Structures are given as C-alpha cells and as structure tokens.
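**Q** Contents of data-v2.csv (CSV, C-alpha atoms) are below:
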chain,number,residue,atom,x,y,z
A,1,MET,CA,17.4,25.2,16.8
A,2,ASP,CA,20.1,22.7,15.6
A,3,THR,CA,22.9,25.1,14.9
A,4,VAL,CA,24.4,22.7,12.3
A,5,LEU,CA,21.1,21.7,10.6
A,6,ASP,CA,21.7,24.2,7.8
A,7,GLN,CA,25.0,22.4,7.0
A,8,LYS,CA,23.4,18.9,7.1
A,9,LEU,CA,20.6,19.7,4.7
A,10,VAL,CA,21.1,17.8,1.4
A,11,SER,CA,20.0,20.9,-0.5
A,12,SER,CA,22.9,22.8,1.0
A,13,TRP,CA,25.7,20.7,-0.4
A,14,PHE,CA,24.4,18.3,-3.1
A,15,ASP,CA,25.8,20.3,-6.0
A,16,VAL,CA,29.4,20.4,-4.7
A,17,HIS,CA,29.8,16.6,-4.6
A,18,GLN,CA,30.8,14.6,-7.7
A,19,SER,CA,29.9,11.4,-5.9
A,20,VAL,CA,27.5,10.2,-3.2
A,21,PRO,CA,29.0,10.7,0.3
A,22,GLN,CA,29.7,7.4,2.0
A,23,THR,CA,27.1,8.1,4.8
A,24,TYR,CA,24.4,8.1,2.0
A,25,VAL,CA,25.5,4.9,0.3
A,26,PHE,CA,23.2,1.9,1.1
A,27,PRO,CA,24.5,-1.6,1.5
A,28,PRO,CA,24.2,-3.5,-1.9
A,29,GLU,CA,21.2,-5.5,-0.8
A,30,LYS,CA,19.2,-2.3,0.1
A,31,ARG,CA,20.1,-0.3,-3.0
A,32,PRO,CA,17.4,0.6,-5.5
A,33,GLY,CA,18.6,-2.0,-8.0
A,34,LYS,CA,16.8,-1.5,-11.3
A,35,LEU,CA,16.2,2.3,-11.4
A,36,LYS,CA,14.1,2.3,-14.5
A,37,VAL,CA,10.9,0.4,-13.5
A,38,SER,CA,7.8,0.5,-15.7
A,39,LEU,CA,5.4,3.3,-14.9
A,40,CYS,CA,2.3,1.4,-13.9
A,41,LYS,CA,-0.8,2.2,-16.1
A,42,SER,CA,-3.0,-0.1,-14.0
A,43,ILE,CA,-3.0,1.9,-10.8
A,44,PRO,CA,-6.6,3.3,-11.1
A,45,VAL,CA,-7.2,7.0,-11.7
A,46,VAL,CA,-10.5,7.6,-10.0
A,47,ASP,CA,-12.8,10.4,-11.0
A,48,LEU,CA,-14.2,11.9,-7.8
A,49,GLY,CA,-16.5,14.1,-9.9
A,50,SER,CA,-18.4,11.0,-11.3
A,51,HIS,CA,-22.1,10.9,-10.6
A,52,ASP,CA,-22.0,7.1,-10.2
A,53,ARG,CA,-21.2,6.8,-6.5
A,54,ARG,CA,-21.4,3.0,-6.4
A,55,ASP,CA,-19.0,2.7,-9.3
A,56,THR,CA,-16.6,5.1,-7.6
A,57,ILE,CA,-16.7,3.2,-4.4
A,58,GLN,CA,-16.0,-0.1,-6.3
A,59,GLN,CA,-13.0,1.4,-8.1
A,60,ILE,CA,-11.5,2.7,-4.8
A,61,PHE,CA,-12.3,-0.6,-3.0
A,62,LYS,CA,-10.6,-2.7,-5.7
A,63,ALA,CA,-7.5,-0.4,-5.9
A,64,SER,CA,-7.2,-0.4,-2.1
A,65,GLN,CA,-7.2,-4.2,-2.2
A,66,ASP,CA,-5.0,-4.7,-5.2
A,67,PHE,CA,-2.4,-2.0,-4.8
A,68,GLY,CA,-3.1,0.0,-1.6
A,69,PHE,CA,-2.8,3.0,-4.0
A,70,PHE,CA,-5.0,5.0,-6.4
A,71,GLN,CA,-5.0,8.5,-7.9
A,72,VAL,CA,-7.9,10.9,-7.9
A,73,ILE,CA,-8.9,13.6,-10.4
A,74,ASN,CA,-11.8,16.1,-10.4
A,75,HIS,CA,-11.3,16.3,-6.6
A,76,GLY,CA,-12.4,19.9,-6.0
A,77,VAL,CA,-8.9,21.4,-5.6
A,78,SER,CA,-8.3,24.0,-8.3
A,79,ASN,CA,-5.4,23.7,-10.7
A,80,LYS,CA,-4.3,27.2,-9.8
A,81,LEU,CA,-4.1,26.4,-6.1
A,82,ILE,CA,-2.2,23.1,-6.9
A,83,ASP,CA,0.3,25.1,-9.0
A,84,ASP,CA,0.6,27.9,-6.4
A,85,THR,CA,1.2,25.4,-3.6
A,86,MET,CA,3.8,23.4,-5.4
A,87,SER,CA,5.5,26.7,-6.4
A,88,VAL,CA,5.6,28.0,-2.8
A,89,PHE,CA,7.1,24.7,-1.5
A,90,LYS,CA,9.7,24.7,-4.2
A,91,GLU,CA,10.5,28.3,-3.3
A,92,PHE,CA,10.8,27.3,0.3
A,93,HIS,CA,13.2,24.4,-0.4
A,94,ALA,CA,15.3,26.7,-2.6
A,95,MET,CA,15.8,29.3,0.1
A,96,PRO,CA,19.2,29.6,1.9
A,97,SER,CA,19.6,26.8,4.4
A,98,LYS,CA,19.9,29.2,7.4
A,99,ASP,CA,16.7,30.9,6.4
A,100,LYS,CA,14.8,27.6,6.2
A,101,ALA,CA,16.1,26.4,9.5
A,102,ASN,CA,15.2,29.8,11.1
A,103,GLU,CA,11.7,29.7,9.7
A,104,CYS,CA,11.1,26.3,11.3
A,105,SER,CA,12.5,26.9,14.7
A,106,LYS,CA,9.8,29.0,16.3
A,107,ASP,CA,7.4,26.3,17.5
A,108,PRO,CA,8.1,25.5,21.2
A,109,SER,CA,6.3,22.1,20.8
A,110,ARG,CA,8.6,21.3,17.8
A,111,ASP,CA,5.5,20.2,15.7
A,112,CYS,CA,6.6,22.6,13.0
A,113,LYS,CA,10.2,21.6,12.0
A,114,LEU,CA,12.7,21.1,9.3
A,115,TYR,CA,14.9,18.0,9.2
A,116,THR,CA,17.1,16.0,6.8
A,117,SER,CA,17.0,12.3,6.1
A,118,SER,CA,14.7,11.4,9.0
A,119,GLU,CA,13.9,12.6,12.5
A,120,ASN,CA,16.4,9.9,13.8
A,121,TYR,CA,19.4,11.4,11.8
A,122,ALA,CA,21.9,11.1,14.7
A,123,ASN,CA,21.3,7.3,15.1
A,124,GLU,CA,21.0,6.3,11.4
A,125,GLU,CA,23.5,3.9,9.8
A,126,VAL,CA,22.8,5.4,6.4
A,127,HIS,CA,21.0,8.7,5.6
A,128,PHE,CA,18.2,9.3,3.1
A,129,TRP,CA,18.7,11.7,0.2
A,130,ARG,CA,16.0,14.1,1.3
A,131,ASP,CA,15.1,17.2,3.3
A,132,ALA,CA,11.7,17.5,5.0
A,133,LEU,CA,9.4,20.3,6.3
A,134,THR,CA,6.5,19.2,8.5
A,135,HIS,CA,3.8,20.9,10.6
A,136,PRO,CA,0.3,20.2,11.7
A,137,GLY,CA,-2.4,20.2,9.0
A,138,HIS,CA,-4.8,22.3,11.1
A,139,THR,CA,-5.2,25.8,9.9
A,140,SER,CA,-6.3,27.7,13.0
A,141,GLU,CA,-4.2,30.6,14.3
A,142,LYS,CA,-3.0,28.3,17.2
A,143,TYR,CA,-1.0,26.4,14.6
A,144,LEU,CA,-0.5,28.8,11.8
A,145,GLN,CA,1.4,31.3,14.0
A,146,TYR,CA,4.4,28.9,13.9
A,147,TRP,CA,4.4,28.1,10.2
A,148,PRO,CA,7.1,29.6,8.0
A,149,GLN,CA,6.6,33.3,7.1
A,150,LYS,CA,8.9,33.0,4.1
A,151,PRO,CA,8.2,32.7,1.3
A,152,THR,CA,5.9,35.6,1.9
A,153,GLN,CA,2.7,33.9,0.5
A,154,TYR,CA,3.4,30.6,2.4
A,155,ARG,CA,0.8,30.9,5.1
A,156,GLU,CA,-1.9,32.3,2.8
A,157,ILE,CA,-1.5,29.7,0.1
A,158,VAL,CA,-0.8,26.6,2.3
A,159,LYS,CA,-3.8,27.5,4.5
A,160,ARG,CA,-6.2,27.5,1.5
A,161,TYR,CA,-4.5,24.3,0.2
A,162,LEU,CA,-4.9,22.4,3.5
A,163,GLU,CA,-8.6,23.4,3.8
A,164,GLU,CA,-9.3,22.1,0.3
A,165,VAL,CA,-7.3,18.9,0.8
A,166,ARG,CA,-9.0,18.3,4.1
A,167,ASN,CA,-12.4,18.4,2.3
A,168,MET,CA,-11.2,16.0,-0.3
A,169,GLY,CA,-9.8,13.7,2.4
A,170,ALA,CA,-13.2,13.6,4.1
A,171,VAL,CA,-14.9,12.6,0.8
A,172,ILE,CA,-12.4,9.8,0.2
A,173,LEU,CA,-12.8,8.5,3.7
A,174,GLU,CA,-16.5,8.4,3.3
A,175,LEU,CA,-16.1,6.3,0.1
A,176,LEU,CA,-13.7,4.0,1.8
A,177,ALA,CA,-16.0,3.5,4.8
A,178,GLU,CA,-19.0,2.8,2.5
A,179,GLY,CA,-16.9,0.3,0.5
A,180,LEU,CA,-16.1,-1.6,3.8
A,181,GLY,CA,-19.8,-1.6,4.7
A,182,LEU,CA,-19.4,0.9,7.5
A,183,GLY,CA,-21.3,4.1,8.1
A,184,ALA,CA,-20.2,7.0,5.8
A,185,ASP,CA,-19.1,8.9,8.9
A,186,PHE,CA,-17.2,6.1,10.5
A,187,PHE,CA,-13.8,7.8,10.1
A,188,ASN,CA,-15.0,11.2,11.4
A,189,GLY,CA,-13.8,12.5,14.7
A,190,GLY,CA,-10.9,10.9,16.6
A,191,LEU,CA,-9.8,8.6,13.8
A,192,SER,CA,-8.9,11.4,11.4
A,193,ASP,CA,-8.6,14.6,13.5
A,194,SER,CA,-4.8,14.9,13.7
A,195,PRO,CA,-3.6,15.6,10.2
A,196,MET,CA,0.0,16.6,9.4
A,197,LEU,CA,1.6,18.2,6.4
A,198,LEU,CA,4.9,16.9,5.1
A,199,SER,CA,6.9,18.3,2.2
A,200,ASN,CA,9.8,16.2,1.0
A,201,HIS,CA,12.5,17.6,-1.2
A,202,TYR,CA,14.9,15.3,-3.1
A,203,PRO,CA,17.8,17.2,-4.8
A,204,PRO,CA,19.4,15.8,-7.9
A,205,CYS,CA,21.8,12.9,-6.9
A,206,PRO,CA,25.1,12.2,-8.7
A,207,ASP,CA,24.5,8.4,-8.6
A,208,PRO,CA,20.9,7.3,-7.9
A,209,SER,CA,21.9,3.6,-7.9
A,210,LEU,CA,23.6,4.0,-4.5
A,211,THR,CA,21.1,5.7,-2.4
A,212,LEU,CA,17.4,6.3,-1.7
A,213,GLY,CA,15.1,9.2,-1.0
A,214,LEU,CA,13.1,6.9,1.3
A,215,THR,CA,13.5,3.2,1.9
A,216,LYS,CA,10.7,0.6,1.6
A,217,HIS,CA,8.0,1.4,4.2
A,218,ARG,CA,4.3,1.7,4.9
A,219,ASP,CA,2.8,4.9,6.3
A,220,PRO,CA,1.6,4.8,9.9
A,221,THR,CA,-1.5,6.8,8.7
A,222,LEU,CA,-5.2,6.2,8.0
A,223,ILE,CA,-4.5,7.4,4.5
A,224,THR,CA,-1.9,9.7,2.9
A,225,ILE,CA,-2.8,12.2,0.1
A,226,LEU,CA,0.2,13.1,-2.0
A,227,LEU,CA,0.9,15.8,-4.6
A,228,GLN,CA,4.0,15.0,-6.7
A,229,ASP,CA,5.8,16.9,-9.4
A,230,THR,CA,7.9,14.2,-11.1
A,231,GLU,CA,8.4,10.5,-11.0
A,232,GLY,CA,10.3,8.8,-8.2
A,233,LEU,CA,7.6,7.1,-6.1
A,234,GLN,CA,7.6,3.3,-6.5
A,235,VAL,CA,5.1,0.7,-5.1
A,236,PHE,CA,6.0,-2.9,-4.2
A,237,ASN,CA,3.4,-5.1,-5.8
A,238,ASP,CA,3.5,-8.8,-6.7
A,239,ALA,CA,7.2,-8.9,-5.7
A,240,ASN,CA,8.1,-6.1,-8.1
A,241,TRP,CA,8.7,-2.4,-7.9
A,242,ILE,CA,6.4,-0.3,-10.1
A,243,GLY,CA,6.5,3.4,-10.7
A,244,VAL,CA,3.5,5.6,-9.9
A,245,GLU,CA,3.2,7.8,-12.9
A,246,PRO,CA,2.6,11.5,-12.2
A,247,VAL,CA,-0.8,12.5,-13.6
A,248,SER,CA,-1.3,16.2,-14.1
A,249,THR,CA,-3.3,17.8,-11.2
A,250,ALA,CA,-4.0,14.4,-9.8
A,251,PHE,CA,-3.4,13.4,-6.2
A,252,VAL,CA,-2.0,10.0,-5.2
A,253,VAL,CA,-3.8,8.3,-2.3
A,254,ASN,CA,-2.3,5.4,-0.4
A,255,ILE,CA,-3.7,3.2,2.3
A,256,GLY,CA,-1.8,3.4,5.7
A,257,TYR,CA,-1.2,0.9,8.4
A,258,VAL,CA,-4.1,2.3,10.5
A,259,LEU,CA,-6.6,1.6,7.8
A,260,GLN,CA,-5.1,-1.8,7.3
A,261,ILE,CA,-5.8,-2.5,11.0
A,262,ILE,CA,-9.4,-1.0,11.0
A,263,SER,CA,-10.3,-2.9,7.8
A,264,ASN,CA,-9.0,-6.1,9.4
A,265,SER,CA,-6.7,-6.5,6.4
A,266,LYS,CA,-9.4,-6.1,3.7
A,267,PHE,CA,-7.1,-3.2,2.7
A,268,LYS,CA,-3.4,-3.5,2.8
A,269,GLY,CA,-1.0,-0.6,3.7
A,270,ALA,CA,1.1,-0.3,0.6
A,271,GLU,CA,4.8,-0.7,0.8
A,272,HIS,CA,6.6,2.0,-1.2
A,273,ARG,CA,9.9,3.8,-1.6
A,274,VAL,CA,11.4,6.9,-3.3
A,275,VAL,CA,14.3,6.7,-5.7
A,276,THR,CA,16.3,9.7,-6.7
A,277,ASN,CA,17.5,10.9,-10.1
A,278,SER,CA,20.4,12.8,-11.4
A,279,ARG,CA,18.5,15.3,-13.6
A,280,VAL,CA,16.0,17.3,-11.5
A,281,ALA,CA,14.9,17.9,-8.0
A,282,ARG,CA,11.7,16.3,-6.9
A,283,THR,CA,9.3,18.0,-4.4
A,284,THR,CA,6.2,16.4,-2.9
A,285,ILE,CA,3.5,17.6,-0.5
A,286,ALA,CA,1.8,14.9,1.6
A,287,TYR,CA,-1.3,15.3,3.7
A,288,LEU,CA,-1.1,12.6,6.4
A,289,ILE,CA,-4.4,11.7,8.1
A,290,TYR,CA,-3.7,10.4,11.6
A,291,PRO,CA,-5.9,9.5,14.5
A,292,SER,CA,-5.5,11.4,17.8
A,293,ASN,CA,-3.0,9.8,20.2
A,294,ASP,CA,-5.6,8.5,22.7
A,295,ASN,CA,-7.9,7.1,20.0
A,296,LEU,CA,-8.3,3.3,20.1
A,297,ILE,CA,-7.1,1.6,16.9
A,298,GLU,CA,-8.7,-1.9,16.3
A,299,PRO,CA,-10.5,-3.8,13.6
A,300,ALA,CA,-14.0,-2.5,13.1
A,301,LYS,CA,-16.4,-4.7,15.0
A,302,ALA,CA,-18.7,-4.9,12.0
A,303,LEU,CA,-15.9,-6.6,10.0
A,304,CYS,CA,-15.2,-9.2,12.7
A,305,ASN,CA,-18.6,-11.0,12.7
A,306,ARG,CA,-17.5,-13.8,10.3
A,307,ASN,CA,-13.7,-13.3,10.5
A,308,PRO,CA,-11.8,-13.0,13.8
A,309,PRO,CA,-9.8,-9.8,14.4
A,310,LEU,CA,-6.3,-10.1,13.1
A,311,TYR,CA,-5.0,-7.1,15.1
A,312,ARG,CA,-5.1,-6.3,18.8
A,313,SER,CA,-6.7,-3.2,20.2
A,314,MET,CA,-4.3,-0.4,21.1
A,315,THR,CA,-4.1,3.4,21.3
A,316,PHE,CA,-2.7,5.2,18.3
A,317,LYS,CA,0.1,6.4,20.6
A,318,GLU,CA,1.1,2.8,21.4
A,319,PHE,CA,0.9,1.9,17.8
A,320,LEU,CA,3.1,4.8,16.7
A,321,LYS,CA,5.7,3.9,19.4
A,322,ASN,CA,5.8,0.3,18.0
A,323,PHE,CA,6.0,1.6,14.5
A,324,LYS,CA,8.8,4.1,15.1
A,325,SER,CA,10.9,1.5,16.9
A,326,LYS,CA,10.8,-0.8,13.9
A,327,VAL,CA,10.4,1.6,11.0
A,328,GLY,CA,11.3,0.0,7.7
A,329,HIS,CA,10.9,-3.6,9.1
A,330,THR,CA,7.3,-4.5,8.0
A,331,GLU,CA,7.3,-8.0,9.5
A,332,SER,CA,8.5,-6.7,12.9
A,333,VAL,CA,5.7,-4.1,13.0
A,334,LEU,CA,3.1,-6.7,12.1
A,335,GLN,CA,4.3,-9.0,14.8
A,336,THR,CA,3.8,-6.4,17.5
A,337,ILE,CA,0.3,-5.4,16.4
A,338,SER,CA,-1.1,-8.8,15.4
A,339,VAL,CA,-3.4,-10.8,17.7
A,340,SER,CA,-1.0,-13.7,17.5
A,341,SER,CA,1.6,-11.7,19.3
A,342,SER,CA,-0.6,-10.7,22.3
Could the structure of this file be written out as structure tokens, please?
**A**
Amino acid sequence: MDTVLDQKLVSSWFDVHQSVPQTYVFPPEKRPGKLKVSLCKSIPVVDLGSHDRRDTIQQIFKASQDFGFFQVINHGVSNKLIDDTMSVFKEFHAMPSKDKANECSKDPSRDCKLYTSSENYANEEVHFWRDALTHPGHTSEKYLQYWPQKPTQYREIVKRYLEEVRNMGAVILELLAEGLGLGADFFNGGLSDSPMLLSNHYPPCPDPSLTLGLTKHRDPTLITILLQDTEGLQVFNDANWIGVEPVSTAFVVNIGYVLQIISNSKFKGAEHRVVTNSRVARTTIAYLIYPSNDNLIEPAKALCNRNPPLYRSMTFKEFLKNFKSKVGHTESVLQTISVSSS
C-alpha cells in the first residue's frame, strides 16, 4: 500500500484549503472556461421498456451518431438498488482516508485499488480534482474477496448492482449491434467480458474555474454506463461543451473508442470532461465494458463491404497501451490506430 496515499486523497484535505493548490491549477488554455454551460435537453432519453424495439434501436443509433451519448430509463435496475448503491459509495468516500486506503490494499494483483487524480499521479504535470475506487466488475468470489468490506453492506449491495447493470449492458449492446446490422449477439464473449467498476468522487472545490475533475478524453471502452448524482459531466459536441443533465434514476451511456473502431466510425467515441463545483461533492459509479486483453479489435467485416476499414486490426492489449501513452490527446490516439498510420 502507498503509505502516503491517504494524505494525497483530495477528500482528505480539500476542506482546509481556501484556494486551489498550485499542483491542481491547469494552464489557462486547458481550464474549464465557461463553467455554466447549457444543460442539453436534446441528448435522447431512451425508454428501454418500450415495446417498439425498432424505434428504440433507431433512437440509440441516432444518439450514438450525433452525440456518442444517451440516457436510459426503465432499464430494469430498481430505484431502491440505485439509491442503496449510490449511498454505499458516498459512505465509502466519506470514510477516513486510512480506512479507505486499507480496504483497497488487499488485492495482490492490484485490480482492486484506490487512487487519486489518475493512476499516473507521480508523473503528472497537473493533478485532477478527484479520488477513484476501481475493481473488476465480475461478481464471483474470486474477485469479491478483495472488494472493500467497509461500509459493511458494500459487497452485498455492489454485487447485486453489478449483476443488474451487467444485464442492462447486455440489452444495450444487443440494440447497438442490431442498429449496425450485425447479429444481436455480436458483442457477446471476448468483446465484452472484462468489465470494471469505477467510482469517482469529486469533493467541493474552492475555485472550479482553475481545475478539472477529468480533462477532455474518450473512454477506451466498448461502452460506459454511468450513474451520476449531480451535474458536472460535459460533452464536446459541435465545438461546444454541453452539460449532461442528471435525470432521476436514469443511466448515462457513452460510446467508447473500441465501439468507434468496431463500427468503422459509424459511431463516434464521445469526448467529455468533468468540471467541479464549490457547493457539493459529486459521486459517480461507472460500469466500463472492456474486451479481454487478447481479443482482436478491428472494424466489423460486415461494415467494410462498401467502405474500407478506417482502423487497423490489433489486440485490445495493444490498443490500451497506445491509448494510455497518449491519454488526453485524441488526435495522437487516432494516428496510432488508423489504417493510414500502419
């Protein structure tokens, strides 16, 4: 365990600073700029309980093209489970820093871990205003034994939550596959069998205009399914930042880089960021759907009959290595994965 992690966590010191520490102040060109952006009403809210499957597919397909984002309601996850899960993560992030660090230091593989800013904290020029807990999204005892045991209900509630969200994710992937003209089971197996859970916590910030919770990026996932408690998520669309309005009991779904590659750019991985605020903490719970490391990532052959493949074939492990070496630099990532670079 990092013996000083508990002292680095933003949640351990944010309330004793009247100003943003210099190591969290972004250069002027990378600062959030206009903090109050319009909350976008046009990002579709899709009813997964609808009986018109064709219409649901069309809504998701258009949202994935236009925004790379949509929200879903009537998704099968109960309101009580949503509330209980958000509560248990808020309780976790509110625990004493040493307790949090200790709860996340038991996994010898370091798949279950707590960190602050990013996993590259030691080499960052500027830190992000966030703490993060992550562990595999599988719920078997092999993984569960390393999850936090505090709060006391963590394992029981999060296990149920992940099982429900996994089912929802499978439905969404079926709809996306059908929208692309692929078989409904196209994303089953190796393309989606390595999910991760990530809970980000963004404490109140004395001056949100100087720093960011997360800088502009795309997720290196197939899709990401997010539960958020308050505003802060912003999407870059048509050269403007727009806010993703929290909708009660809805989940936010965004298209990741992997799906952009497989769809041969029919869908675009959405660029997004997180801004902070000075009033309240923000807690989110993300279910990140990843392929297995050895799985081949490439444009689906059925989508390359009329249009040539835009991306080269590579293992997910190779893709992730490229992504992590250039995180935050969208064009640089694209250059390494495009056919024109090979």
**Q** Would you please work out which residue, of A:Arg282, A:Arg312, A:His138, A:Lys216, is nearest to Ala270 of chain A when using only C-alpha atoms?
**A** A:Lys216
**Q** Taking into account all atoms listed in the file, which residue in the set A:Ser12, A:Thr215, A:Ser338, A:Ser332 is nearest to Met95 of chain A?
**A**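 Closest residue, counting all atoms listed in the file: A:Ser12.
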**Q** Quick one: everything within 8 Å of Leu48 of chain A, counting all atoms listed in the file, minus sequence neighbours fewer than 4 positions away in the same chain. Send it as a PyMOL selection string.
**A** chain A and resi 56+72-75
**Q** In Å to one decimal, how far is atom CA of Trp13 of chain A from atom CA of Phe26 of chain A?
**A**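 For atom CA of Phe26 of chain A relative to atom CA of Trp13 of chain A, the distance reads 19.0 Å.
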**Q** List the spatial neighbours of segment 175-185 of chain A as a list in words - criterion: any atom at most 7 Å away, all atoms listed in the file, same-chain residues fewer than 4 positions off excluded.
**A** Ile57, Gln58, Phe61 and Val171 of chain A
**Q** Please indicate the distance in Å from atom CA of Cys304 of chain A to atom CA of Lys266 of chain A, rounded to one decimal place.
**A**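 Separation of atom CA of Cys304 of chain A and atom CA of Lys266 of chain A: 11.1 Å.
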**Q** Which neighbours of Pro291 of chain A fall inside 8 Å, counting all atoms listed in the file, when residues of the same chain fewer than 2 positions from it are skipped, and could you give them as a compact mmCIF listing (two decimals) with C-alpha atoms, in the coordinates of the input?
**A**
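Final file, part_35.txt:
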# COMPACT_ATOMS: atom_id res chain seq x y z
CA GLY A 190 -10.90 10.90 16.60
CA LEU A 191 -9.80 8.60 13.80
CA SER A 192 -8.90 11.40 11.40
CA ASP A 193 -8.60 14.60 13.50
CA SER A 194 -4.80 14.90 13.70
CA PRO A 195 -3.60 15.60 10.20
CA THR A 221 -1.50 6.80 8.70
CA LEU A 222 -5.20 6.20 8.00
CA ILE A 289 -4.40 11.70 8.10
CA ASN A 293 -3.00 9.80 20.20
CA ASN A 295 -7.90 7.10 20.00
CA PHE A 316 -2.70 5.20 18.30
**Q** From the list A:Arg155, A:Lys80, A:Lys113, A:Arg31, which residue is nearest Met196 of chain A when using all atoms listed in the file?
**A**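 Ranked by minimum distance to Met196 of chain A, first place goes to A:Lys113.
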**Q** Provide the atom CA of Phe187 of chain A to atom CA of Val339 of chain A distance in Å, to one decimal place.
**A**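 Here the two named atoms are 22.6 Å from each other.
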**Q** Would you mind telling me which residue in A:Val77, A:Phe69, A:Asn188, A:Ser11 lies nearest to Thr249 of chain A when using all atoms listed in the file?
**A**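 Once distances to Thr249 of chain A are computed over all atoms listed in the file, the minimum belongs to A:Val77.
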**Q** Within 9 Å of (5.4, 2.6, -3.2) in the file's own coordinates, which protein, DNA or RNA residues have an atom, counting all atoms listed in the file? List them as number ranges by chain.
**A** A: 69, 216-218, 233-237, 241-244, 254, 270-274
**Q** Residues near Leu288 of chain A, anyone? I mean within 12 Å using only C-alpha atoms, not counting same-chain ones fewer than 5 positions away, as number ranges by chain.
**A** A: 134-138, 162, 165-166, 169, 192-199, 219-227, 252-258
